[in-house]
Amino acid sequence: MLGEFEYLLLTAAVRLGEGAYGAAIRQEIESATGRRCSIGALYTTLDRLETKGLVKTWMGEATPQRGGRAKRMVRVMAKGIAAAAAFYSAVTRVSRGVSWEAPREATRP
Amino acid sequence: MNRMCWWLVERLSQRLEPGERDAVLGDIAESGESGREALRDLLSLAVRRQAALWGGTRTWIALAGLIAPAAVLAGGASGWVGRQFQTILTQGVMAESGMTPADNIVRLVCGILLMIAWAGTAGFILSSLLRRSALGGRRSHIKCGVTEEAWAGNWCGRRTRCRFSRSCGSLEF
């Protein structure tokens with residue numbers, strides 16, 4: 001079973017498709033969650049997912065806006081898609097019938 | 001302050017593998033972070049890498065199964081060499097052992113080589129373990145506690161520092 005951040009990373013990478021690399025994934029996660037995503041968290045999670053065979057990474061081309069430095073490109077493998085789908089199904093199943101409305105406080109007489 | 005942070009980022013990033021260094025510094029440049037944020041990111045990467053390394057069982061198995069025995073053997077060899085040296089310095093070549101002076105010297109040289117071999121083995125395994133971590137980059141010189149212990153033990157009472165250099169693959173004293 002994936003962790004929450006692993007799921008976020010996989011989903012962001014799938015959404016970005018061919019343009020999935022470190023900084024783009026980071027931006028995608030930050031805009032989706034509204035929270036800061038550290039490079040440390042991103043790269044250690046990528047390493048872990050690669051070890052599990054869920055993603056494949058390789059060094060891509062360099063761009064001037066990156067100071068001529070190469071990108072670490074990411075591709076989600078079939079195993080990664082299956083793991084993300086299983087996580088999503090579990091979250092959907094466990095959330096079924098649950099209302100997220102805040103309970104009303106009892107009014108004083 | 002910002003300049004100092006960038007200087008630290010530059011220094012710290014040199015300990016990453018070349019490919020990863022490019023990717024990380026490129027991401028930092030692309031996101032337009034301040035020096036402070038970049039330093040925090042790089043430090044978080046280093047800490048997480050170390051935590052991941054020491055969180056796995058492989059590291060502990062290697063530590064207990066290979067490094068510790070090699071360090072103990074290096075310590076033992078160091079003690080023996082130290083005692084031999086002390087005897088030679090105080091009593092001259094050990095004539096009472098029934099061996100010729102040449103035999104004594106050969107035995108001592110063998111002891112020294114054995115000590116270097118065990119200390120080097122322990123240091124090499126430790127450096128291999130740390131290779132993939134951000135703090136144990138390619139150009140780093142790892143101070144090797146076990147080998148330092150081995151040398152410092154009984155070497156005429158002098159504490160000697162030992163460093164294992166992976167870049168040149170040799171022992172430095």
# chains A, B, ... in the order shown; residues from 1 in each chain; ligands from 1
call {"tool": "select_by_dssp", "arguments": {"residues": "segment 20-65 of chain A", "states": "strand (DSSP E or B)", "output": "ChimeraX atom specification"}}
result
/A:21,55-63
call {"tool": "interface_residues", "arguments": {"of": "chain B", "to": "chain A", "cutoff": "9 Å", "atoms": "only C-alpha atoms", "output": "list in words"}}
result
Gly19, Glu20, Arg21, Asp22, Ala23, Val24, Leu25, Gly26, Asp27, Ile28, Ala29, Glu30, Ser31, Ala38, Arg40, Asp41, Leu42, Leu43, Ser44, Leu45, Ala46, Val47, Arg48, Arg49 and Ala52 of chain B
call {"tool": "write_last_selection", "arguments": {"atoms": "N, CA and C atoms", "output": "PDB file, in the first residue's frame"}}
result
ATOM      1  N   GLY B  19      25.044  13.631 -11.313  1.00  0.00           N
ATOM      2  CA  GLY B  19      23.725  13.688 -11.936  1.00  0.00           C
ATOM      3  C   GLY B  19      22.694  14.301 -11.013  1.00  0.00           C
ATOM      4  N   GLU B  20      22.703  13.821  -9.780  1.00  0.00           N
ATOM      5  CA  GLU B  20      21.731  14.319  -8.806  1.00  0.00           C
ATOM      6  C   GLU B  20      21.991  15.787  -8.469  1.00  0.00           C
ATOM      7  N   ARG B  21      23.259  16.146  -8.445  1.00  0.00           N
ATOM      8  CA  ARG B  21      23.634  17.532  -8.161  1.00  0.00           C
ATOM      9  C   ARG B  21      23.011  18.453  -9.217  1.00  0.00           C
ATOM     10  N   ASP B  22      23.114  18.050 -10.476  1.00  0.00           N
ATOM     11  CA  ASP B  22      22.534  18.833 -11.565  1.00  0.00           C
ATOM     12  C   ASP B  22      21.024  18.971 -11.386  1.00  0.00           C
ATOM     13  N   ALA B  23      20.377  17.838 -11.100  1.00  0.00           N
ATOM     14  CA  ALA B  23      18.921  17.837 -10.973  1.00  0.00           C
ATOM     15  C   ALA B  23      18.471  18.722  -9.809  1.00  0.00           C
ATOM     16  N   VAL B  24      19.138  18.582  -8.666  1.00  0.00           N
ATOM     17  CA  VAL B  24      18.743  19.331  -7.464  1.00  0.00           C
ATOM     18  C   VAL B  24      19.004  20.824  -7.644  1.00  0.00           C
ATOM     19  N   LEU B  25      20.196  21.184  -8.110  1.00  0.00           N
ATOM     20  CA  LEU B  25      20.517  22.601  -8.286  1.00  0.00           C
ATOM     21  C   LEU B  25      19.657  23.219  -9.396  1.00  0.00           C
ATOM     22  N   GLY B  26      19.356  22.436 -10.418  1.00  0.00           N
ATOM     23  CA  GLY B  26      18.474  22.912 -11.479  1.00  0.00           C
ATOM     24  C   GLY B  26      17.077  23.187 -10.958  1.00  0.00           C
ATOM     25  N   ASP B  27      16.562  22.274 -10.137  1.00  0.00           N
ATOM     26  CA  ASP B  27      15.232  22.462  -9.540  1.00  0.00           C
ATOM     27  C   ASP B  27      15.209  23.708  -8.659  1.00  0.00           C
ATOM     28  N   ILE B  28      16.289  23.903  -7.902  1.00  0.00           N
ATOM     29  CA  ILE B  28      16.369  25.081  -7.019  1.00  0.00           C
ATOM     30  C   ILE B  28      16.383  26.359  -7.868  1.00  0.00           C
ATOM     31  N   ALA B  29      17.157  26.339  -8.959  1.00  0.00           N
ATOM     32  CA  ALA B  29      17.243  27.522  -9.830  1.00  0.00           C
ATOM     33  C   ALA B  29      15.890  27.798 -10.485  1.00  0.00           C
ATOM     34  N   GLU B  30      15.217  26.737 -10.901  1.00  0.00           N
ATOM     35  CA  GLU B  30      13.937  26.892 -11.589  1.00  0.00           C
ATOM     36  C   GLU B  30      12.848  27.427 -10.666  1.00  0.00           C
ATOM     37  N   SER B  31      12.902  26.978  -9.409  1.00  0.00           N
ATOM     38  CA  SER B  31      11.853  27.425  -8.482  1.00  0.00           C
ATOM     39  C   SER B  31      12.143  28.806  -7.901  1.00  0.00           C
ATOM     40  N   ALA B  38      16.944  27.244  -0.198  1.00  0.00           N
ATOM     41  CA  ALA B  38      17.751  26.252  -0.920  1.00  0.00           C
ATOM     42  C   ALA B  38      18.592  25.437   0.055  1.00  0.00           C
ATOM     43  N   ARG B  40      17.923  24.920   3.215  1.00  0.00           N
ATOM     44  CA  ARG B  40      17.012  24.062   3.988  1.00  0.00           C
ATOM     45  C   ARG B  40      16.641  22.817   3.179  1.00  0.00           C
ATOM     46  N   ASP B  41      16.393  23.014   1.879  1.00  0.00           N
ATOM     47  CA  ASP B  41      16.048  21.888   1.007  1.00  0.00           C
ATOM     48  C   ASP B  41      17.187  20.879   0.913  1.00  0.00           C
ATOM     49  N   LEU B  42      18.377  21.404   0.746  1.00  0.00           N
ATOM     50  CA  LEU B  42      19.538  20.530   0.590  1.00  0.00           C
ATOM     51  C   LEU B  42      19.833  19.771   1.890  1.00  0.00           C
ATOM     52  N   LEU B  43      19.690  20.470   2.999  1.00  0.00           N
ATOM     53  CA  LEU B  43      19.905  19.817   4.297  1.00  0.00           C
ATOM     54  C   LEU B  43      18.853  18.750   4.540  1.00  0.00           C
ATOM     55  N   SER B  44      17.620  19.050   4.144  1.00  0.00           N
ATOM     56  CA  SER B  44      16.550  18.056   4.338  1.00  0.00           C
ATOM     57  C   SER B  44      16.834  16.814   3.497  1.00  0.00           C
ATOM     58  N   LEU B  45      17.401  17.026   2.312  1.00  0.00           N
ATOM     59  CA  LEU B  45      17.764  15.881   1.457  1.00  0.00           C
ATOM     60  C   LEU B  45      18.854  15.045   2.131  1.00  0.00           C
ATOM     61  N   ALA B  46      19.847  15.728   2.689  1.00  0.00           N
ATOM     62  CA  ALA B  46      20.955  15.023   3.349  1.00  0.00           C
ATOM     63  C   ALA B  46      20.451  14.228   4.559  1.00  0.00           C
ATOM     64  N   VAL B  47      19.603  14.861   5.367  1.00  0.00           N
ATOM     65  CA  VAL B  47      19.093  14.200   6.580  1.00  0.00           C
ATOM     66  C   VAL B  47      18.212  13.009   6.217  1.00  0.00           C
ATOM     67  N   ARG B  48      17.360  13.195   5.221  1.00  0.00           N
ATOM     68  CA  ARG B  48      16.469  12.107   4.810  1.00  0.00           C
ATOM     69  C   ARG B  48      17.243  10.930   4.216  1.00  0.00           C
ATOM     70  N   ARG B  49      18.286  11.247   3.443  1.00  0.00           N
ATOM     71  CA  ARG B  49      19.113  10.185   2.877  1.00  0.00           C
ATOM     72  C   ARG B  49      19.772   9.357   3.991  1.00  0.00           C
ATOM     73  N   ALA B  52      17.165   7.282   5.747  1.00  0.00           N
ATOM     74  CA  ALA B  52      16.775   6.121   4.932  1.00  0.00           C
ATOM     75  C   ALA B  52      17.853   5.047   4.990  1.00  0.00           C
TER      76      ALA B  52
END
call {"tool": "residues_around", "arguments": {"residues": "Ala13 of chain A", "least_positions_apart": "2", "cutoff": "9 Å", "atoms": "only C-alpha atoms", "output": "VMD selection string"}}
result
chain A and resid 8 to 11 15 to 21 24 to 25 28 74 to 76
call {"tool": "atom_distance", "arguments": {"atom1": "atom CA of Ala117 of chain B", "atom2": "atom CA of Gly65 of chain B"}}
result
17.0 Å
call {"tool": "closest_residue", "arguments": {"among": "A:Leu46, A:Val55, A:Val98, A:Leu2", "to": "Ala84 of chain A", "atoms": "only C-alpha atoms"}}
result
A:Leu2
call {"tool": "atom_distance", "arguments": {"atom1": "atom CA of Leu130 of chain B", "atom2": "atom CA of Val9 of chain B"}}
result
20.0 Å
call {"tool": "select_by_dssp", "arguments": {"residues": "segment 6-56 of chain A", "states": "helix (DSSP H, G or I)", "output": "ChimeraX atom specification"}}
result
/A:6-19,22-33,39-51
call {"tool": "write_last_selection", "arguments": {"atoms": "N, CA, C and O atoms", "output": "compact mmCIF listing (two decimals), in the first residue's frame"}}
result
# COMPACT_ATOMS: atom_id res chain seq x y z
N GLU A 6 3.53 9.39 -1.51
CA GLU A 6 3.86 8.57 -2.68
C GLU A 6 2.74 8.64 -3.71
O GLU A 6 2.98 8.76 -4.91
N TYR A 7 1.49 8.60 -3.20
CA TYR A 7 0.34 8.69 -4.09
C TYR A 7 0.31 10.04 -4.79
O TYR A 7 0.07 10.13 -6.00
N LEU A 8 0.55 11.11 -4.01
CA LEU A 8 0.56 12.46 -4.59
C LEU A 8 1.61 12.57 -5.70
O LEU A 8 1.36 13.15 -6.76
N LEU A 9 2.78 12.01 -5.42
CA LEU A 9 3.88 12.09 -6.40
C LEU A 9 3.53 11.32 -7.67
O LEU A 9 3.73 11.83 -8.78
N LEU A 10 2.99 10.12 -7.50
CA LEU A 10 2.63 9.31 -8.68
C LEU A 10 1.55 10.00 -9.50
O LEU A 10 1.64 10.06 -10.73
N THR A 11 0.55 10.55 -8.81
CA THR A 11 -0.55 11.21 -9.51
C THR A 11 -0.04 12.44 -10.28
O THR A 11 -0.42 12.66 -11.44
N ALA A 12 0.82 13.22 -9.63
CA ALA A 12 1.38 14.40 -10.29
C ALA A 12 2.20 14.00 -11.51
O ALA A 12 2.11 14.64 -12.56
N ALA A 13 2.97 12.93 -11.38
CA ALA A 13 3.81 12.47 -12.49
C ALA A 13 2.96 11.98 -13.65
O ALA A 13 3.27 12.25 -14.82
N VAL A 14 1.87 11.27 -13.34
CA VAL A 14 0.97 10.77 -14.40
C VAL A 14 0.30 11.96 -15.10
O VAL A 14 0.21 12.01 -16.33
N ARG A 15 -0.13 12.94 -14.30
CA ARG A 15 -0.78 14.12 -14.88
C ARG A 15 0.17 14.88 -15.83
O ARG A 15 -0.23 15.34 -16.88
N LEU A 16 1.43 14.97 -15.43
CA LEU A 16 2.41 15.72 -16.24
C LEU A 16 2.88 14.93 -17.47
O LEU A 16 3.35 15.52 -18.44
N GLY A 17 2.74 13.62 -17.42
CA GLY A 17 3.10 12.78 -18.57
C GLY A 17 4.56 12.87 -18.95
O GLY A 17 5.44 12.69 -18.11
N GLU A 18 4.81 13.24 -20.21
CA GLU A 18 6.19 13.31 -20.72
C GLU A 18 7.00 14.42 -20.05
O GLU A 18 8.22 14.39 -20.05
N GLY A 19 6.28 15.41 -19.51
CA GLY A 19 6.98 16.55 -18.89
C GLY A 19 7.16 16.40 -17.39
O GLY A 19 7.29 17.39 -16.68
N GLY A 22 11.54 16.58 -11.60
CA GLY A 22 11.54 17.05 -10.22
C GLY A 22 10.78 18.32 -9.93
O GLY A 22 9.79 18.33 -9.19
N ALA A 23 11.20 19.44 -10.56
CA ALA A 23 10.61 20.74 -10.24
C ALA A 23 9.13 20.82 -10.63
O ALA A 23 8.33 21.40 -9.91
N ALA A 24 8.78 20.21 -11.79
CA ALA A 24 7.39 20.25 -12.25
C ALA A 24 6.49 19.46 -11.30
O ALA A 24 5.38 19.90 -10.95
N ILE A 25 6.95 18.30 -10.86
CA ILE A 25 6.17 17.47 -9.93
C ILE A 25 6.00 18.22 -8.61
O ILE A 25 4.91 18.25 -8.03
N ARG A 26 7.05 18.85 -8.19
CA ARG A 26 7.02 19.60 -6.93
C ARG A 26 5.98 20.72 -7.00
O ARG A 26 5.18 20.90 -6.08
N GLN A 27 5.98 21.44 -8.12
CA GLN A 27 5.03 22.55 -8.31
C GLN A 27 3.60 22.02 -8.34
O GLN A 27 2.69 22.62 -7.77
N GLU A 28 3.43 20.89 -9.00
CA GLU A 28 2.10 20.28 -9.12
C GLU A 28 1.57 19.88 -7.72
O GLU A 28 0.42 20.14 -7.40
N ILE A 29 2.43 19.29 -6.92
CA ILE A 29 2.04 18.87 -5.58
C ILE A 29 1.73 20.09 -4.71
O ILE A 29 0.73 20.12 -3.99
N GLU A 30 2.56 21.11 -4.82
CA GLU A 30 2.35 22.32 -4.01
C GLU A 30 1.05 23.02 -4.38
O GLU A 30 0.32 23.48 -3.51
N SER A 31 0.75 23.08 -5.68
CA SER A 31 -0.49 23.76 -6.08
C SER A 31 -1.71 22.93 -5.70
O SER A 31 -2.77 23.47 -5.41
N ALA A 32 -1.57 21.60 -5.69
CA ALA A 32 -2.72 20.74 -5.35
C ALA A 32 -2.99 20.72 -3.85
O ALA A 32 -4.14 20.71 -3.43
N THR A 33 -1.93 20.72 -3.06
CA THR A 33 -2.12 20.58 -1.61
C THR A 33 -2.08 21.92 -0.87
O THR A 33 -2.55 22.00 0.26
N ILE A 39 12.56 19.51 -1.47
CA ILE A 39 13.31 18.71 -2.43
C ILE A 39 13.75 17.38 -1.80
O ILE A 39 13.77 16.35 -2.46
N GLY A 40 14.07 17.44 -0.52
CA GLY A 40 14.48 16.23 0.21
C GLY A 40 13.39 15.18 0.18
O GLY A 40 13.64 14.00 -0.12
N ALA A 41 12.15 15.60 0.48
CA ALA A 41 11.02 14.67 0.49
C ALA A 41 10.79 14.12 -0.91
O ALA A 41 10.56 12.92 -1.10
N LEU A 42 10.87 15.01 -1.89
CA LEU A 42 10.61 14.61 -3.28
C LEU A 42 11.61 13.56 -3.77
O LEU A 42 11.23 12.50 -4.27
N TYR A 43 12.89 13.86 -3.58
CA TYR A 43 13.91 12.96 -4.13
C TYR A 43 14.04 11.65 -3.35
O TYR A 43 14.30 10.61 -3.95
N THR A 44 13.86 11.69 -2.05
CA THR A 44 13.94 10.43 -1.30
C THR A 44 12.72 9.54 -1.63
O THR A 44 12.85 8.32 -1.72
N THR A 45 11.57 10.19 -1.84
CA THR A 45 10.38 9.41 -2.22
C THR A 45 10.54 8.83 -3.62
O THR A 45 10.18 7.68 -3.87
N LEU A 46 11.11 9.63 -4.51
CA LEU A 46 11.37 9.14 -5.87
C LEU A 46 12.31 7.93 -5.84
O LEU A 46 12.08 6.94 -6.54
N ASP A 47 13.35 8.03 -5.01
CA ASP A 47 14.30 6.90 -4.88
C ASP A 47 13.57 5.64 -4.42
O ASP A 47 13.79 4.55 -4.92
N ARG A 48 12.70 5.84 -3.41
CA ARG A 48 11.96 4.70 -2.84
C ARG A 48 11.04 4.07 -3.89
O ARG A 48 10.97 2.85 -4.03
N LEU A 49 10.32 4.95 -4.62
CA LEU A 49 9.40 4.44 -5.65
C LEU A 49 10.16 3.73 -6.77
O LEU A 49 9.69 2.73 -7.31
N GLU A 50 11.33 4.23 -7.07
CA GLU A 50 12.14 3.60 -8.13
C GLU A 50 12.64 2.23 -7.66
O GLU A 50 12.69 1.28 -8.43
N THR A 51 13.02 2.16 -6.38
CA THR A 51 13.47 0.87 -5.82
C THR A 51 12.34 -0.16 -5.88
O THR A 51 12.58 -1.33 -6.15
call {"tool": "residues_around", "arguments": {"residues": "Ile61 of chain B", "least_positions_apart": "6", "cutoff": "12 Å", "atoms": "only C-alpha atoms", "output": "list of chain:residue names"}}
result
B:Trp54, B:Gly55, B:Ile67, B:Ala68, B:Pro69, B:Ile125, B:Leu126, B:Leu129
call {"tool": "atom_distance", "arguments": {"atom1": "atom CA of Leu63 of chain B", "atom2": "atom CA of Ser13 of chain B"}}
result
26.9 Å
call {"tool": "decode", "arguments": {"residues": "chain A", "atoms": "C-alpha atoms", "output": "mmCIF file, in the first residue's frame"}}
result
data_model
loop_
_atom_site.group_PDB
_atom_site.id
_atom_site.type_symbol
_atom_site.label_atom_id
_atom_site.label_comp_id
_atom_site.auth_asym_id
_atom_site.auth_seq_id
_atom_site.Cartn_x
_atom_site.Cartn_y
_atom_site.Cartn_z
ATOM 1 C CA MET A 1 0.000 0.000 0.000
ATOM 2 C CA LEU A 2 1.305 3.442 -0.950
ATOM 3 C CA GLY A 3 1.783 6.315 1.443
ATOM 4 C CA GLU A 4 -0.051 9.597 1.019
ATOM 5 C CA PHE A 5 2.954 11.443 -0.387
ATOM 6 C CA GLU A 6 3.865 8.570 -2.679
ATOM 7 C CA TYR A 7 0.342 8.685 -4.089
ATOM 8 C CA LEU A 8 0.560 12.462 -4.591
ATOM 9 C CA LEU A 9 3.880 12.086 -6.399
ATOM 10 C CA LEU A 10 2.627 9.307 -8.676
ATOM 11 C CA THR A 11 -0.549 11.214 -9.513
ATOM 12 C CA ALA A 12 1.377 14.402 -10.291
ATOM 13 C CA ALA A 13 3.810 12.472 -12.494
ATOM 14 C CA VAL A 14 0.970 10.774 -14.403
ATOM 15 C CA ARG A 15 -0.784 14.123 -14.878
ATOM 16 C CA LEU A 16 2.415 15.717 -16.241
ATOM 17 C CA GLY A 17 3.100 12.776 -18.568
ATOM 18 C CA GLU A 18 6.191 13.307 -20.718
ATOM 19 C CA GLY A 19 6.983 16.550 -18.894
ATOM 20 C CA ALA A 20 7.293 14.940 -15.456
ATOM 21 C CA TYR A 21 10.510 15.918 -13.707
ATOM 22 C CA GLY A 22 11.539 17.047 -10.215
ATOM 23 C CA ALA A 23 10.612 20.739 -10.244
ATOM 24 C CA ALA A 24 7.385 20.253 -12.247
ATOM 25 C CA ILE A 25 6.174 17.468 -9.934
ATOM 26 C CA ARG A 26 7.024 19.603 -6.933
ATOM 27 C CA GLN A 27 5.035 22.546 -8.306
ATOM 28 C CA GLU A 28 2.095 20.280 -9.117
ATOM 29 C CA ILE A 29 2.042 18.867 -5.579
ATOM 30 C CA GLU A 30 2.355 22.323 -4.012
ATOM 31 C CA SER A 31 -0.493 23.762 -6.077
ATOM 32 C CA ALA A 32 -2.716 20.740 -5.352
ATOM 33 C CA THR A 33 -2.119 20.577 -1.611
ATOM 34 C CA GLY A 34 -1.304 24.206 -0.807
ATOM 35 C CA ARG A 35 1.676 22.980 1.202
ATOM 36 C CA ARG A 36 5.394 23.336 0.603
ATOM 37 C CA CYS A 37 7.068 20.263 -0.842
ATOM 38 C CA SER A 38 10.748 19.983 0.024
ATOM 39 C CA ILE A 39 13.314 18.706 -2.433
ATOM 40 C CA GLY A 40 14.479 16.228 0.205
ATOM 41 C CA ALA A 41 11.018 14.672 0.490
ATOM 42 C CA LEU A 42 10.607 14.609 -3.281
ATOM 43 C CA TYR A 43 13.907 12.955 -4.128
ATOM 44 C CA THR A 44 13.937 10.425 -1.301
ATOM 45 C CA THR A 45 10.377 9.407 -2.218
ATOM 46 C CA LEU A 46 11.368 9.137 -5.869
ATOM 47 C CA ASP A 47 14.296 6.902 -4.876
ATOM 48 C CA ARG A 48 11.965 4.698 -2.842
ATOM 49 C CA LEU A 49 9.396 4.441 -5.650
ATOM 50 C CA GLU A 50 12.143 3.598 -8.126
ATOM 51 C CA THR A 51 13.472 0.874 -5.822
ATOM 52 C CA LYS A 52 9.962 -0.595 -5.655
ATOM 53 C CA GLY A 53 9.789 -0.496 -9.466
ATOM 54 C CA LEU A 54 6.859 1.922 -9.516
ATOM 55 C CA VAL A 55 8.657 4.675 -11.449
ATOM 56 C CA LYS A 56 11.638 4.982 -13.736
ATOM 57 C CA THR A 57 13.912 8.024 -13.669
ATOM 58 C CA TRP A 58 16.656 9.213 -15.986
ATOM 59 C CA MET A 59 18.595 12.385 -16.641
ATOM 60 C CA GLY A 60 16.956 14.590 -19.255
ATOM 61 C CA GLU A 61 18.049 17.653 -21.164
ATOM 62 C CA ALA A 62 19.264 20.913 -19.662
ATOM 63 C CA THR A 63 17.416 24.218 -20.109
ATOM 64 C CA PRO A 64 18.670 27.813 -19.762
ATOM 65 C CA GLN A 65 16.080 28.618 -17.069
ATOM 66 C CA ARG A 66 17.694 25.901 -14.909
ATOM 67 C CA GLY A 67 21.129 27.399 -15.367
ATOM 68 C CA GLY A 68 22.013 24.776 -17.962
ATOM 69 C CA ARG A 69 21.462 21.903 -15.560
ATOM 70 C CA ALA A 70 19.864 18.581 -16.473
ATOM 71 C CA LYS A 71 16.423 17.447 -15.264
ATOM 72 C CA ARG A 72 15.625 14.187 -13.524
ATOM 73 C CA MET A 73 12.792 12.911 -15.685
ATOM 74 C CA VAL A 74 10.160 10.571 -14.251
ATOM 75 C CA ARG A 75 7.951 7.962 -15.859
ATOM 76 C CA VAL A 76 5.318 6.015 -13.938
ATOM 77 C CA MET A 77 5.466 2.309 -14.708
ATOM 78 C CA ALA A 78 2.466 -0.019 -15.025
ATOM 79 C CA LYS A 79 3.116 -1.287 -11.487
ATOM 80 C CA GLY A 80 3.000 2.313 -10.228
ATOM 81 C CA ILE A 81 -0.297 2.981 -11.966
ATOM 82 C CA ALA A 82 -1.769 -0.170 -10.424
ATOM 83 C CA ALA A 83 -0.539 0.820 -6.955
ATOM 84 C CA ALA A 84 -1.971 4.348 -7.295
ATOM 85 C CA ALA A 85 -5.292 2.959 -8.549
ATOM 86 C CA ALA A 86 -5.434 0.553 -5.577
ATOM 87 C CA PHE A 87 -4.737 3.418 -3.164
ATOM 88 C CA TYR A 88 -7.422 5.585 -4.778
ATOM 89 C CA SER A 89 -9.962 2.736 -4.614
ATOM 90 C CA ALA A 90 -9.198 2.165 -0.936
ATOM 91 C CA VAL A 91 -9.631 5.869 -0.124
ATOM 92 C CA THR A 92 -12.880 5.996 -2.121
ATOM 93 C CA ARG A 93 -14.230 2.843 -0.418
ATOM 94 C CA VAL A 94 -13.354 3.974 3.076
ATOM 95 C CA SER A 95 -14.859 7.429 2.427
ATOM 96 C CA ARG A 96 -18.172 6.103 1.135
ATOM 97 C CA GLY A 97 -21.103 7.215 3.260
ATOM 98 C CA VAL A 98 -18.941 9.507 5.382
ATOM 99 C CA SER A 99 -20.047 13.115 5.664
ATOM 100 C CA TRP A 100 -17.347 15.737 6.149
ATOM 101 C CA GLU A 101 -19.723 18.431 7.322
ATOM 102 C CA ALA A 102 -18.631 19.851 10.648
ATOM 103 C CA PRO A 103 -20.963 18.717 13.436
ATOM 104 C CA ARG A 104 -23.228 21.484 14.667
ATOM 105 C CA GLU A 105 -22.724 22.558 18.238
ATOM 106 C CA ALA A 106 -25.686 22.085 20.506
ATOM 107 C CA THR A 107 -27.575 25.378 20.866
ATOM 108 C CA ARG A 108 -28.163 26.627 24.339
ATOM 109 C CA PRO A 109 -31.771 26.998 25.423
#
